[in-house]
Each structure stands twice: as structure tokens, then as C-alpha cells.
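Undergrad: This structure is in C-alpha cells; I'll ask about it shortly.
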Amino acid sequence: MEEYKKKIKKTIDRFYVECVDEFKEAELRIANDSKFRTMFRKKDYKGNIELLRKCKKNTSSLRFPMGDIPKDDELTKDLVRQAEVCFRQFSRLCDSYIQMQTALDGKSQGKDLPYSKYKEVYYKTQEDNQAMNRELKELDLLYTDFLDDEDYDVYEFID
């Protein structure tokens, strides 16, 4: 595998491990904290918010070696473009979840949160989540094609 492809593979693997997997952990915590009967009780939502910010920060640090990609390597260019779309959508998703957790935190501390505002934030989070799933599906398909074109060690990223 060429050096530029190794760098791209490492960047995408980091996205899946350091961002997507961490986000899934945060999402599970949020789901447990957000059961309808208990979601407006006093809780510390700040831990969830910090975890989401960490996920977003990890994504913002990911970069691709664009100058190293040969002009005729369309698959790799498409993969990088789709990954960058995923990174941007992932940041929007984190922002939506942060906004929802911030609103719930305020509500648990006695601040006013009208149902209409909660519903707006909730639906925005759902929209961003669906968009992220669509983008990830596209990335998965391109990444599979990218990996099928090369010989690689599946466990290379895992130390």
C-alpha cells in the first residue's frame, strides 16, 4: 500500500475509533439519562457535554494528505471527499447533542424549557443523526472498495 493510502487509512480508522465509537458511548449514556420519566430531574449533564465536545474536537484534528493523492486515483479522492463530508456532519451532530444536553441541564436546574423549544432541539438532533447515518453508509461503501483494492493488515491500527 502506498504511503499516502496508509495515511488516509489511518485517518479514517482514527475517525471510526476516536470519534464514532466515542460518540456511541456518549449516545448510550445520554439515552440512559434521557428516559422520559427521569429526563427533567436534576442530573449532571456536563459530563455528557464534555464527552461530546471531545468527540467533536477529535474530528476537527483529522487531516488528509491531499497533495499526495495522484490525479488519476478517483476512488481515493472520492473516499477523502466523503470522509470530509462525514467529518462536517459529525460536528453538526455533536453540536445538536450538545445543544440538547445543555437545554436539559438548564431544565434540570429549574430554568424554563418550553416543550416547543425541546421539541425543536430534539428534532434537529434526529435530523442530524439520520443525515450522519446516510453519510457514514456512503463512507463505509467507499472505504470497503478502497480496502479491497489493496493488501492490508486488518489489525494494523490496533496496537
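Ordering of the C-alpha cells sets the chain letters (A, B, ...); residue numbers start at 1 within each chain; ligands are numbered from 1 in the order shown.
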From a backbone DSSP assignment, name each residue in chain A labelled helix (DSSP H, G or I), as number ranges by chain.
TA: A: 3-33, 46-60, 66-68, 74-108, 115-148
Undergrad: Could the residues in this selection be written to a file with C-alpha atoms, as an mmCIF file, in the first residue's frame?
TA:
```cif
data_model
loop_
_atom_site.group_PDB
_atom_site.id
_atom_site.type_symbol
_atom_site.label_atom_id
_atom_site.label_comp_id
_atom_site.auth_asym_id
_atom_site.auth_seq_id
_atom_site.Cartn_x
_atom_site.Cartn_y
_atom_site.Cartn_z
ATOM 1 C CA GLU A 3 2.314 5.788 1.769
ATOM 2 C CA TYR A 4 -0.488 8.286 1.016
ATOM 3 C CA LYS A 5 -3.041 5.464 1.201
ATOM 4 C CA LYS A 6 -1.651 4.351 4.559
ATOM 5 C CA LYS A 7 -2.085 7.903 5.864
ATOM 6 C CA ILE A 8 -5.657 8.053 4.575
ATOM 7 C CA LYS A 9 -6.460 4.659 6.068
ATOM 8 C CA LYS A 10 -5.008 5.731 9.413
ATOM 9 C CA THR A 11 -7.049 8.954 9.388
ATOM 10 C CA ILE A 12 -10.304 7.140 8.619
ATOM 11 C CA ASP A 13 -9.562 4.460 11.209
ATOM 12 C CA ARG A 14 -8.951 7.214 13.770
ATOM 13 C CA PHE A 15 -12.321 8.729 12.852
ATOM 14 C CA TYR A 16 -14.100 5.450 13.461
ATOM 15 C CA VAL A 17 -12.279 4.665 16.719
ATOM 16 C CA GLU A 18 -11.684 8.064 18.332
ATOM 17 C CA CYS A 19 -14.834 9.796 17.136
ATOM 18 C CA VAL A 20 -17.629 7.457 16.100
ATOM 19 C CA ASP A 21 -17.009 4.832 18.800
ATOM 20 C CA GLU A 22 -16.613 7.509 21.492
ATOM 21 C CA PHE A 23 -19.798 9.148 20.277
ATOM 22 C CA LYS A 24 -21.680 5.855 20.515
ATOM 23 C CA GLU A 25 -20.562 5.611 24.136
ATOM 24 C CA ALA A 26 -21.783 9.156 24.792
ATOM 25 C CA GLU A 27 -25.044 8.427 22.989
ATOM 26 C CA LEU A 28 -25.623 5.373 25.190
ATOM 27 C CA ARG A 29 -25.030 7.447 28.331
ATOM 28 C CA ILE A 30 -27.389 10.110 27.017
ATOM 29 C CA ALA A 31 -30.071 7.523 26.249
ATOM 30 C CA ASN A 32 -29.817 6.182 29.790
ATOM 31 C CA ASP A 33 -30.061 9.714 31.211
ATOM 32 C CA LYS A 46 -21.974 18.336 31.927
ATOM 33 C CA GLY A 47 -20.133 15.001 31.691
ATOM 34 C CA ASN A 48 -22.094 14.141 28.548
ATOM 35 C CA ILE A 49 -21.446 17.585 27.118
ATOM 36 C CA GLU A 50 -17.700 17.247 27.721
ATOM 37 C CA LEU A 51 -17.626 13.817 26.093
ATOM 38 C CA LEU A 52 -19.444 15.210 23.048
ATOM 39 C CA ARG A 53 -17.028 18.143 22.848
ATOM 40 C CA LYS A 54 -14.124 15.702 22.973
ATOM 41 C CA CYS A 55 -15.627 13.742 20.065
ATOM 42 C CA LYS A 56 -16.037 16.936 18.057
ATOM 43 C CA LYS A 57 -12.503 18.077 18.870
ATOM 44 C CA ASN A 58 -11.077 14.704 17.809
ATOM 45 C CA THR A 59 -12.829 15.057 14.460
ATOM 46 C CA SER A 60 -11.590 18.599 13.890
ATOM 47 C CA MET A 66 -4.436 15.863 -0.289
ATOM 48 C CA GLY A 67 -1.297 16.827 -2.228
ATOM 49 C CA ASP A 68 -0.050 13.251 -2.172
ATOM 50 C CA GLU A 74 -10.519 8.749 -8.362
ATOM 51 C CA LEU A 75 -11.552 6.196 -5.736
ATOM 52 C CA THR A 76 -9.226 7.686 -3.137
ATOM 53 C CA LYS A 77 -10.327 11.233 -3.997
ATOM 54 C CA ASP A 78 -13.983 10.194 -3.652
ATOM 55 C CA LEU A 79 -13.205 8.489 -0.342
ATOM 56 C CA VAL A 80 -11.467 11.576 1.043
ATOM 57 C CA ARG A 81 -14.298 13.864 -0.111
ATOM 58 C CA GLN A 82 -16.887 11.605 1.529
ATOM 59 C CA ALA A 83 -14.843 11.359 4.720
ATOM 60 C CA GLU A 84 -14.663 15.154 4.900
ATOM 61 C CA VAL A 85 -18.449 15.337 4.433
ATOM 62 C CA CYS A 86 -18.762 12.853 7.315
ATOM 63 C CA PHE A 87 -16.440 14.927 9.491
ATOM 64 C CA ARG A 88 -18.560 18.053 8.935
ATOM 65 C CA GLN A 89 -21.826 16.180 9.534
ATOM 66 C CA PHE A 90 -20.378 14.569 12.631
ATOM 67 C CA SER A 91 -19.505 18.013 14.015
ATOM 68 C CA ARG A 92 -23.079 19.176 13.368
ATOM 69 C CA LEU A 93 -24.399 16.066 15.111
ATOM 70 C CA CYS A 94 -22.194 16.711 18.136
ATOM 71 C CA ASP A 95 -23.401 20.334 18.207
ATOM 72 C CA SER A 96 -27.034 19.150 18.143
ATOM 73 C CA TYR A 97 -26.473 16.755 21.009
ATOM 74 C CA ILE A 98 -24.583 19.420 22.969
ATOM 75 C CA GLN A 99 -27.484 21.827 22.447
ATOM 76 C CA MET A 100 -29.973 19.218 23.672
ATOM 77 C CA GLN A 101 -27.874 18.288 26.706
ATOM 78 C CA THR A 102 -27.400 21.974 27.538
ATOM 79 C CA ALA A 103 -31.159 22.562 27.343
ATOM 80 C CA LEU A 104 -31.873 19.531 29.553
ATOM 81 C CA ASP A 105 -29.197 20.634 32.007
ATOM 82 C CA GLY A 106 -30.849 24.043 32.269
ATOM 83 C CA LYS A 107 -34.262 22.442 32.739
ATOM 84 C CA SER A 108 -32.919 20.175 35.491
ATOM 85 C CA TYR A 115 -41.959 21.981 25.178
ATOM 86 C CA SER A 116 -41.811 23.671 21.761
ATOM 87 C CA LYS A 117 -38.125 24.505 22.282
ATOM 88 C CA TYR A 118 -37.341 20.972 23.492
ATOM 89 C CA LYS A 119 -39.192 19.516 20.504
ATOM 90 C CA GLU A 120 -37.234 21.773 18.119
ATOM 91 C CA VAL A 121 -33.895 20.714 19.613
ATOM 92 C CA TYR A 122 -34.934 17.064 19.690
ATOM 93 C CA TYR A 123 -35.997 17.012 16.025
ATOM 94 C CA LYS A 124 -32.800 18.806 14.980
ATOM 95 C CA THR A 125 -30.809 16.094 16.740
ATOM 96 C CA GLN A 126 -32.852 13.382 14.996
ATOM 97 C CA GLU A 127 -32.355 15.024 11.576
ATOM 98 C CA ASP A 128 -28.614 15.329 12.105
ATOM 99 C CA ASN A 129 -28.445 11.733 13.309
ATOM 100 C CA GLN A 130 -30.240 10.471 10.192
ATOM 101 C CA ALA A 131 -28.005 12.572 7.948
ATOM 102 C CA MET A 132 -24.922 11.200 9.716
ATOM 103 C CA ASN A 133 -26.106 7.633 9.194
ATOM 104 C CA ARG A 134 -26.588 8.293 5.460
ATOM 105 C CA GLU A 135 -23.128 9.828 5.134
ATOM 106 C CA LEU A 136 -21.493 7.030 7.131
ATOM 107 C CA LYS A 137 -23.135 4.435 4.897
ATOM 108 C CA GLU A 138 -21.610 6.128 1.845
ATOM 109 C CA LEU A 139 -18.231 6.313 3.578
ATOM 110 C CA ASP A 140 -18.431 2.629 4.532
ATOM 111 C CA LEU A 141 -19.085 1.636 0.920
ATOM 112 C CA LEU A 142 -16.217 3.712 -0.443
ATOM 113 C CA TYR A 143 -13.861 2.589 2.321
ATOM 114 C CA THR A 144 -14.664 -1.057 1.607
ATOM 115 C CA ASP A 145 -13.823 -0.525 -2.073
ATOM 116 C CA PHE A 146 -10.648 1.318 -1.079
ATOM 117 C CA LEU A 147 -9.527 -1.529 1.175
ATOM 118 C CA ASP A 148 -10.473 -4.185 -1.393
#
```
Undergrad: Can you tell me how far CA of Gly110 in chain A sits from CA of Tyr45 in chain A, in Å to one decimal?
TA: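 According to the coordinates, CA of Gly110 in chain A and CA of Tyr45 in chain A are separated by 13.7 Å.
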